[in-house]
$ cat model_14.pdb   # PDB, C-alpha atoms (C1' of nucleotides)
MODEL        1
ATOM      1  CA  MET X1498      95.329 100.945  58.042  1.00  0.00           C
ATOM      2  CA  ALA X1499      94.999 103.084  61.105  1.00  0.00           C
ATOM      3  CA  ALA X1500      93.507 101.492  64.169  1.00  0.00           C
ATOM      4  CA  GLN X1501      89.819 102.095  64.437  1.00  0.00           C
ATOM      5  CA  ARG X1502      88.735 104.753  66.835  1.00  0.00           C
ATOM      6  CA  GLN X1503      87.014 103.466  69.950  1.00  0.00           C
ATOM      7  CA  TYR X1504      84.087 105.127  71.688  1.00  0.00           C
ATOM      8  CA  TRP X1505      83.458 105.507  75.394  1.00  0.00           C
ATOM      9  CA  LEU X1506      81.229 107.149  77.953  1.00  0.00           C
ATOM     10  CA  ILE X1507      82.784 108.912  80.934  1.00  0.00           C
ATOM     11  CA  LYS X1508      80.783 110.117  83.915  1.00  0.00           C
ATOM     12  CA  SER X1509      81.340 113.250  85.911  1.00  0.00           C
ATOM     13  CA  GLU X1510      79.241 115.095  88.425  1.00  0.00           C
ATOM     14  CA  PRO X1511      78.749 118.545  86.919  1.00  0.00           C
ATOM     15  CA  ASP X1512      78.995 120.141  90.359  1.00  0.00           C
ATOM     16  CA  VAL X1513      82.550 118.828  90.457  1.00  0.00           C
ATOM     17  CA  PHE X1514      83.582 119.051  86.801  1.00  0.00           C
ATOM     18  CA  SER X1515      81.197 119.667  83.898  1.00  0.00           C
ATOM     19  CA  ILE X1516      81.461 119.757  80.126  1.00  0.00           C
ATOM     20  CA  ALA X1517      81.438 123.562  80.439  1.00  0.00           C
ATOM     21  CA  ASP X1518      84.485 123.312  82.694  1.00  0.00           C
ATOM     22  CA  LEU X1519      86.220 121.173  80.083  1.00  0.00           C
ATOM     23  CA  LYS X1520      85.323 123.703  77.402  1.00  0.00           C
ATOM     24  CA  ARG X1521      86.865 126.451  79.531  1.00  0.00           C
ATOM     25  CA  ASP X1522      89.983 124.442  80.458  1.00  0.00           C
ATOM     26  CA  LYS X1523      90.393 122.803  76.986  1.00  0.00           C
ATOM     27  CA  THR X1524      91.919 119.716  78.594  1.00  0.00           C
ATOM     28  CA  THR X1525      91.934 117.865  81.900  1.00  0.00           C
ATOM     29  CA  HIS X1526      93.390 114.897  83.738  1.00  0.00           C
ATOM     30  CA  TRP X1527      90.730 112.184  84.011  1.00  0.00           C
ATOM     31  CA  GLU X1528      91.770 110.964  87.425  1.00  0.00           C
ATOM     32  CA  GLY X1529      90.325 109.531  90.580  1.00  0.00           C
ATOM     33  CA  VAL X1530      88.910 106.388  88.989  1.00  0.00           C
ATOM     34  CA  ARG X1531      89.091 103.807  91.768  1.00  0.00           C
ATOM     35  CA  ASN X1532      87.172 100.907  90.307  1.00  0.00           C
ATOM     36  CA  TYR X1533      89.055  98.122  88.585  1.00  0.00           C
ATOM     37  CA  GLN X1534      86.697  97.644  85.671  1.00  0.00           C
ATOM     38  CA  ALA X1535      86.648 101.365  84.955  1.00  0.00           C
ATOM     39  CA  ARG X1536      90.432 101.450  85.344  1.00  0.00           C
ATOM     40  CA  ASN X1537      90.770  98.696  82.759  1.00  0.00           C
ATOM     41  CA  HIS X1538      88.695 100.717  80.324  1.00  0.00           C
ATOM     42  CA  LEU X1539      90.910 103.763  80.908  1.00  0.00           C
ATOM     43  CA  ALA X1540      93.945 101.621  80.197  1.00  0.00           C
ATOM     44  CA  ALA X1541      92.400 100.474  76.904  1.00  0.00           C
ATOM     45  CA  MET X1542      91.811 104.016  75.630  1.00  0.00           C
ATOM     46  CA  LYS X1543      93.840 105.132  72.648  1.00  0.00           C
ATOM     47  CA  LYS X1544      94.792 108.647  71.658  1.00  0.00           C
ATOM     48  CA  GLY X1545      92.069 110.000  69.393  1.00  0.00           C
ATOM     49  CA  ASP X1546      89.260 107.930  70.919  1.00  0.00           C
ATOM     50  CA  TRP X1547      86.079 109.855  71.634  1.00  0.00           C
ATOM     51  CA  ALA X1548      83.912 109.759  74.720  1.00  0.00           C
ATOM     52  CA  LEU X1549      80.428 110.931  75.547  1.00  0.00           C
ATOM     53  CA  PHE X1550      80.742 113.266  78.519  1.00  0.00           C
ATOM     54  CA  TYR X1551      77.941 112.223  80.852  1.00  0.00           C
ATOM     55  CA  HIS X1552      76.647 114.272  83.755  1.00  0.00           C
ATOM     56  CA  SER X1553      75.754 112.037  86.687  1.00  0.00           C
ATOM     57  CA  ASN X1554      74.042 113.165  89.869  1.00  0.00           C
ATOM     58  CA  ALA X1555      72.601 115.975  87.783  1.00  0.00           C
ATOM     59  CA  ASP X1556      69.090 117.224  87.118  1.00  0.00           C
ATOM     60  CA  PRO X1557      68.516 115.606  84.797  1.00  0.00           C
ATOM     61  CA  PRO X1558      71.391 113.171  84.357  1.00  0.00           C
ATOM     62  CA  ALA X1559      72.392 113.510  80.694  1.00  0.00           C
ATOM     63  CA  ALA X1560      74.936 113.054  77.929  1.00  0.00           C
ATOM     64  CA  ALA X1561      76.276 116.595  77.759  1.00  0.00           C
ATOM     65  CA  GLY X1562      79.031 116.595  75.168  1.00  0.00           C
ATOM     66  CA  ILE X1563      82.075 114.977  73.626  1.00  0.00           C
ATOM     67  CA  ALA X1564      85.662 114.665  74.825  1.00  0.00           C
ATOM     68  CA  LYS X1565      88.627 113.065  73.109  1.00  0.00           C
ATOM     69  CA  VAL X1566      91.556 111.163  74.492  1.00  0.00           C
ATOM     70  CA  SER X1567      94.684 113.304  74.172  1.00  0.00           C
ATOM     71  CA  ARG X1568      97.055 111.192  76.261  1.00  0.00           C
ATOM     72  CA  GLU X1569      96.886 107.474  76.931  1.00  0.00           C
ATOM     73  CA  ALA X1570      96.936 105.928  80.399  1.00  0.00           C
ATOM     74  CA  TYR X1571      99.726 106.844  82.812  1.00  0.00           C
ATOM     75  CA  PRO X1572      99.953 106.655  86.613  1.00  0.00           C
ATOM     76  CA  ASP X1573      97.423 108.735  88.535  1.00  0.00           C
ATOM     77  CA  ASP X1574      99.559 110.808  90.916  1.00  0.00           C
ATOM     78  CA  ALA X1575      96.667 111.337  93.302  1.00  0.00           C
ATOM     79  CA  GLN X1576      96.961 107.771  94.553  1.00  0.00           C
ATOM     80  CA  PHE X1577     100.323 108.635  96.187  1.00  0.00           C
ATOM     81  CA  ASP X1578      99.176 111.875  97.794  1.00  0.00           C
ATOM     82  CA  PRO X1579      97.991 111.374 101.394  1.00  0.00           C
ATOM     83  CA  LYS X1580      96.153 114.682 101.201  1.00  0.00           C
ATOM     84  CA  SER X1581      94.150 113.693  98.148  1.00  0.00           C
ATOM     85  CA  ASP X1582      90.651 112.274  98.295  1.00  0.00           C
ATOM     86  CA  TYR X1583      91.936 109.686  95.866  1.00  0.00           C
ATOM     87  CA  TYR X1584      94.875 108.565  98.021  1.00  0.00           C
ATOM     88  CA  ASP X1585      95.390 104.807  98.061  1.00  0.00           C
ATOM     89  CA  PRO X1586      97.886 103.785 100.754  1.00  0.00           C
ATOM     90  CA  ARG X1587      98.163 100.336  99.263  1.00  0.00           C
ATOM     91  CA  SER X1588      99.350 101.453  95.880  1.00  0.00           C
ATOM     92  CA  ASP X1589     103.062 101.088  95.173  1.00  0.00           C
ATOM     93  CA  ARG X1590     105.005 103.683  93.165  1.00  0.00           C
ATOM     94  CA  ALA X1591     106.925 100.908  91.476  1.00  0.00           C
ATOM     95  CA  LYS X1592     103.667  99.288  90.439  1.00  0.00           C
ATOM     96  CA  PRO X1593     100.910 101.899  90.425  1.00  0.00           C
ATOM     97  CA  ARG X1594      97.455 100.530  90.867  1.00  0.00           C
ATOM     98  CA  TRP X1595      95.514 103.407  89.278  1.00  0.00           C
ATOM     99  CA  VAL X1596      95.885 105.295  86.017  1.00  0.00           C
ATOM    100  CA  ARG X1597      94.503 108.416  84.461  1.00  0.00           C
ATOM    101  CA  VAL X1598      94.235 109.700  80.905  1.00  0.00           C
ATOM    102  CA  ASP X1599      94.110 113.233  79.576  1.00  0.00           C
ATOM    103  CA  VAL X1600      91.061 114.306  77.633  1.00  0.00           C
ATOM    104  CA  GLY X1601      90.435 117.366  75.499  1.00  0.00           C
ATOM    105  CA  PHE X1602      87.280 119.277  74.694  1.00  0.00           C
ATOM    106  CA  VAL X1603      85.463 118.485  71.451  1.00  0.00           C
ATOM    107  CA  GLU X1604      81.880 119.686  71.779  1.00  0.00           C
ATOM    108  CA  GLN X1605      79.251 120.786  74.256  1.00  0.00           C
ATOM    109  CA  PHE X1606      75.834 119.560  73.168  1.00  0.00           C
ATOM    110  CA  LYS X1607      73.285 122.300  72.538  1.00  0.00           C
ATOM    111  CA  GLU X1608      70.618 119.835  73.594  1.00  0.00           C
ATOM    112  CA  PRO X1609      71.927 117.458  76.261  1.00  0.00           C
ATOM    113  CA  VAL X1610      70.314 114.046  76.007  1.00  0.00           C
ATOM    114  CA  SER X1611      68.727 113.049  79.297  1.00  0.00           C
ATOM    115  CA  LEU X1612      68.946 109.583  80.730  1.00  0.00           C
ATOM    116  CA  ALA X1613      65.168 109.275  80.331  1.00  0.00           C
ATOM    117  CA  THR X1614      65.510 110.002  76.603  1.00  0.00           C
ATOM    118  CA  LEU X1615      68.323 107.495  76.259  1.00  0.00           C
ATOM    119  CA  LYS X1616      66.191 104.875  77.985  1.00  0.00           C
ATOM    120  CA  ASP X1617      63.181 105.576  75.771  1.00  0.00           C
ATOM    121  CA  ASP X1618      65.027 105.139  72.492  1.00  0.00           C
ATOM    122  CA  PRO X1619      64.840 101.629  71.019  1.00  0.00           C
ATOM    123  CA  ALA X1620      67.936 102.353  68.920  1.00  0.00           C
ATOM    124  CA  LEU X1621      69.985 102.531  72.117  1.00  0.00           C
ATOM    125  CA  GLU X1622      68.942  99.173  73.476  1.00  0.00           C
ATOM    126  CA  GLY X1623      71.871  97.511  75.184  1.00  0.00           C
ATOM    127  CA  MET X1624      73.728 100.733  75.947  1.00  0.00           C
ATOM    128  CA  LEU X1625      75.370 100.200  79.324  1.00  0.00           C
ATOM    129  CA  VAL X1626      74.542 103.560  80.879  1.00  0.00           C
ATOM    130  CA  ILE X1627      70.810 102.873  80.725  1.00  0.00           C
ATOM    131  CA  LYS X1628      71.041  99.566  82.526  1.00  0.00           C
ATOM    132  CA  LYS X1629      69.592  99.583  85.997  1.00  0.00           C
ATOM    133  CA  GLY X1630      72.251  99.656  88.626  1.00  0.00           C
ATOM    134  CA  MET X1631      75.062 100.321  86.146  1.00  0.00           C
ATOM    135  CA  ARG X1632      77.418 102.461  88.159  1.00  0.00           C
ATOM    136  CA  LEU X1633      80.497 101.979  86.029  1.00  0.00           C
ATOM    137  CA  SER X1634      82.074 105.393  85.520  1.00  0.00           C
ATOM    138  CA  VAL X1635      84.009 104.548  82.352  1.00  0.00           C
ATOM    139  CA  GLN X1636      82.153 102.453  79.795  1.00  0.00           C
ATOM    140  CA  PRO X1637      82.634 101.364  76.195  1.00  0.00           C
ATOM    141  CA  VAL X1638      80.001 102.597  73.719  1.00  0.00           C
ATOM    142  CA  THR X1639      79.368 101.263  70.224  1.00  0.00           C
ATOM    143  CA  GLU X1640      79.983 103.587  67.285  1.00  0.00           C
ATOM    144  CA  ALA X1641      76.314 103.318  66.279  1.00  0.00           C
ATOM    145  CA  HIS X1642      75.129 104.269  69.760  1.00  0.00           C
ATOM    146  CA  PHE X1643      77.645 107.094  69.966  1.00  0.00           C
ATOM    147  CA  PHE X1644      76.463 108.805  66.803  1.00  0.00           C
ATOM    148  CA  HIS X1645      72.826 108.136  67.552  1.00  0.00           C
ATOM    149  CA  VAL X1646      73.276 110.084  70.777  1.00  0.00           C
ATOM    150  CA  CYS X1647      75.020 112.844  68.805  1.00  0.00           C
ATOM    151  CA  ALA X1648      72.001 113.039  66.504  1.00  0.00           C
ATOM    152  CA  LEU X1649      69.601 113.236  69.450  1.00  0.00           C
ATOM    153  CA  ALA X1650      71.742 116.052  70.851  1.00  0.00           C
ATOM    154  CA  GLY X1651      71.433 118.084  67.672  1.00  0.00           C
ATOM    155  CA  SER X1652      75.105 117.563  66.895  1.00  0.00           C
ATOM    156  CA  LYS X1653      76.175 117.696  63.258  1.00  0.00           C
ATOM    157  CA  ARG X1654      78.631 114.892  63.843  1.00  0.00           C
ATOM    158  CA  THR X1655      77.715 111.749  62.005  1.00  0.00           C
ATOM    159  CA  SER X1656      81.111 110.099  61.701  1.00  0.00           C
ATOM    160  CA  GLY X1657      84.597 110.168  63.097  1.00  0.00           C
ATOM    161  CA  ALA X1658      85.770 113.003  60.847  1.00  0.00           C
TER     162      ALA X1658
ATOM    163  C1'  DG K 413      67.394 112.316 101.703  1.00  0.00           C
ATOM    164  C1'  DC K 414      66.372 107.574 100.553  1.00  0.00           C
ATOM    165  C1'  DC K 415      67.734 103.369  99.095  1.00  0.00           C
ATOM    166  C1'  DA K 416      68.818  99.646  95.530  1.00  0.00           C
ATOM    167  C1'  DA K 417      72.650  97.893  93.303  1.00  0.00           C
ATOM    168  C1'  DC K 418      76.978  96.501  93.514  1.00  0.00           C
ATOM    169  C1'  DG K 419      82.089  96.520  94.625  1.00  0.00           C
ATOM    170  C1'  DT K 420      85.411  95.754  98.280  1.00  0.00           C
ATOM    171  C1'  DT K 421      87.096  94.151 102.652  1.00  0.00           C
ATOM    172  C1'  DG K 422      88.245  91.053 106.035  1.00  0.00           C
ATOM    173  C1'  DG K 423      87.028  87.369 109.456  1.00  0.00           C
ATOM    174  C1'  DC K 424      86.643  82.718 109.448  1.00  0.00           C
TER     175       DC K 424
ATOM    176  C1'  DG L 322      86.929  80.518  99.175  1.00  0.00           C
ATOM    177  C1'  DC L 323      82.657  82.025 101.380  1.00  0.00           C
ATOM    178  C1'  DC L 324      79.920  85.606 102.767  1.00  0.00           C
ATOM    179  C1'  DA L 325      78.420  89.328 106.037  1.00  0.00           C
ATOM    180  C1'  DA L 326      79.399  93.952 106.780  1.00  0.00           C
ATOM    181  C1'  DC L 327      80.367  98.049 104.991  1.00  0.00           C
ATOM    182  C1'  DG L 328      81.114 101.904 101.669  1.00  0.00           C
ATOM    183  C1'  DT L 329      79.989 104.120  97.337  1.00  0.00           C
ATOM    184  C1'  DT L 330      77.333 105.289  93.262  1.00  0.00           C
ATOM    185  C1'  DG L 331      73.822 107.550  91.367  1.00  0.00           C
ATOM    186  C1'  DG L 332      68.785 107.661  90.069  1.00  0.00           C
ATOM    187  C1'  DC L 333      64.753 109.175  91.991  1.00  0.00           C
TER     188       DC L 333
ENDMDL
END
$ encode --input "model_14.pdb" --output "structure tokens"
Amino acid sequence: MAAQRQYWLIKSEPDVFSIADLKRDKTTHWEGVRNYQARNHLAAMKKGDWALFYHSNADPPAAAGIAKVSREAYPDDAQFDPKSDYYDPRSDRAKPRWVRVDVGFVEQFKEPVSLATLKDDPALEGMLVIKKGMRLSVQPVTEAHFFHVCALAGSKRTSGA
DNA sequence: GCCAACGTTGGC
DNA sequence: GCCAACGTTGGC
């Protein structure tokens, strides 16, 4: 039996990189994660996993679409580049501290689901993104929560097909 | 722009 | 190992 698909939520500021940018580019390197817990989630991602693409620092902040993991974790080159915003002088090439994954475009929601809507929905109780002070930029999401958000967004997706 | 929440750093 | 200082995230 194939391993079960996992579900995630990944945050991006749309001014920097939005779901529309992913739609245009088809695929991107998900790099620059510099938080250990988020890094550990990246490392746990498997090819074929899906992620809610969440717009943070947006008006309103919202789940904006779906991305899928197209390449599993590998070293994030930006950590070795002194000119990069994501440079980490304490990371060692022989033992890289930070990883990135590649993600591909799946869907841009016609009706993005705002944070306020997520918070108001009893079916989403316990979802990490709606917890006060939850800044984690890569989070696990349950399958039930994932598809409930899809339904709220007007997406036809109701399963992992 | 403000500021609460929270992670990281570094002195001790 | 504690914890104060500091930096960042991200909603509002």
$ residues_near_point --input "model_14.pdb" --point "(66.9, 102.5, 99.1)" --cutoff "12 Å" --atoms "only C-alpha atoms (C1' of nucleotides)" --output "PyMOL selection string"
(chain K and resi 413-417) or (chain L and resi 331-333)
$ closest_atom_pairs --input "model_14.pdb" --of "chain X" --to "chain L" --cutoff "9 Å" --atoms "only C-alpha atoms (C1' of nucleotides)" --output "Markdown table"
| residue | atom | partner | partner_atom | distance |
| --- | --- | --- | --- | --- |
| X:Ser1553 | CA | L:DG331 | C1' | 6.8 |
| X:Asn1554 | CA | L:DG331 | C1' | 5.8 |
| X:Pro1558 | CA | L:DG332 | C1' | 8.4 |
| X:Gly1630 | CA | L:DG331 | C1' | 8.5 |
| X:Met1631 | CA | L:DT330 | C1' | 9.0 |
| X:Arg1632 | CA | L:DT330 | C1' | 5.8 |
| X:Leu1633 | CA | L:DT330 | C1' | 8.6 |
$ atom_distance --input "model_14.pdb" --atom1 "atom CA of Ala1559 of chain X" --atom2 "atom CA of Gln1636 of chain X"
14.8 Å
$ atom_distance --input "model_14.pdb" --atom1 "atom CA of Ser1588 of chain X" --atom2 "atom CA of Ala1540 of chain X"
16.6 Å
$ resolve_selection --input "model_14.pdb" --expression "the PyMOL selection byres ((chain X and resi 1524) around 8)" --output "NGL selection string"
:X and (1519-1520 or 1522-1523 or 1525-1526 or 1599-1602)
$ atom_distance --input "model_14.pdb" --atom1 "atom CA of Val1638 of chain X" --atom2 "atom CA of Asp1574 of chain X"
27.3 Å
$ resolve_selection --input "model_14.pdb" --expression "the PyMOL selection byres ((chain X and resi 1608-1611) around 7)" --output "ChimeraX atom specification"
/X:1557-1561,1606-1607,1612-1615,1649-1651
$ residues_near_point --input "model_14.pdb" --point "(94.5, 106.3, 96.7)" --cutoff "12 Å" --atoms "all atoms listed in the file" --output "PDB file with C-alpha atoms, keeping the file's coordinate frame"
ATOM      1  CA  GLU X1528      91.770 110.964  87.425  1.00  0.00           C
ATOM      2  CA  GLY X1529      90.325 109.531  90.580  1.00  0.00           C
ATOM      3  CA  VAL X1530      88.910 106.388  88.989  1.00  0.00           C
ATOM      4  CA  ARG X1531      89.091 103.807  91.768  1.00  0.00           C
ATOM      5  CA  ASN X1532      87.172 100.907  90.307  1.00  0.00           C
ATOM      6  CA  PRO X1572      99.953 106.655  86.613  1.00  0.00           C
ATOM      7  CA  ASP X1573      97.423 108.735  88.535  1.00  0.00           C
ATOM      8  CA  ASP X1574      99.559 110.808  90.916  1.00  0.00           C
ATOM      9  CA  ALA X1575      96.667 111.337  93.302  1.00  0.00           C
ATOM     10  CA  GLN X1576      96.961 107.771  94.553  1.00  0.00           C
ATOM     11  CA  PHE X1577     100.323 108.635  96.187  1.00  0.00           C
ATOM     12  CA  ASP X1578      99.176 111.875  97.794  1.00  0.00           C
ATOM     13  CA  PRO X1579      97.991 111.374 101.394  1.00  0.00           C
ATOM     14  CA  LYS X1580      96.153 114.682 101.201  1.00  0.00           C
ATOM     15  CA  SER X1581      94.150 113.693  98.148  1.00  0.00           C
ATOM     16  CA  ASP X1582      90.651 112.274  98.295  1.00  0.00           C
ATOM     17  CA  TYR X1583      91.936 109.686  95.866  1.00  0.00           C
ATOM     18  CA  TYR X1584      94.875 108.565  98.021  1.00  0.00           C
ATOM     19  CA  ASP X1585      95.390 104.807  98.061  1.00  0.00           C
ATOM     20  CA  PRO X1586      97.886 103.785 100.754  1.00  0.00           C
ATOM     21  CA  ARG X1587      98.163 100.336  99.263  1.00  0.00           C
ATOM     22  CA  SER X1588      99.350 101.453  95.880  1.00  0.00           C
ATOM     23  CA  ASP X1589     103.062 101.088  95.173  1.00  0.00           C
ATOM     24  CA  ARG X1590     105.005 103.683  93.165  1.00  0.00           C
ATOM     25  CA  PRO X1593     100.910 101.899  90.425  1.00  0.00           C
ATOM     26  CA  ARG X1594      97.455 100.530  90.867  1.00  0.00           C
ATOM     27  CA  TRP X1595      95.514 103.407  89.278  1.00  0.00           C
ATOM     28  CA  VAL X1596      95.885 105.295  86.017  1.00  0.00           C
TER      29      VAL X1596
END
$ residues_around --input "model_14.pdb" --residues "Val1635 of chain X" --least-positions-apart "2" --cutoff "8 Å" --atoms "all atoms listed in the file" --output "list in words"
Trp1505, Leu1506, Ile1507, Lys1508, Ala1535, Arg1536, His1538, Leu1539, Leu1633 and Pro1637 of chain X
$ resolve_selection --input "model_14.pdb" --expression "the PyMOL selection byres ((chain X and resi 1565) around 8)" --output "JSON, numbers by chain"
{"X": [1544, 1545, 1546, 1547, 1548, 1563, 1564, 1566, 1567, 1600, 1601, 1602, 1603]}
$ axis_aligned_box --input "model_14.pdb" --around "chain K" --padding-each-side "6 Å" --output "JSON"
{"center_x": 77.3, "center_y": 97.5, "center_z": 101.4, "size_x": 33.9, "size_y": 41.6, "size_z": 28.2}
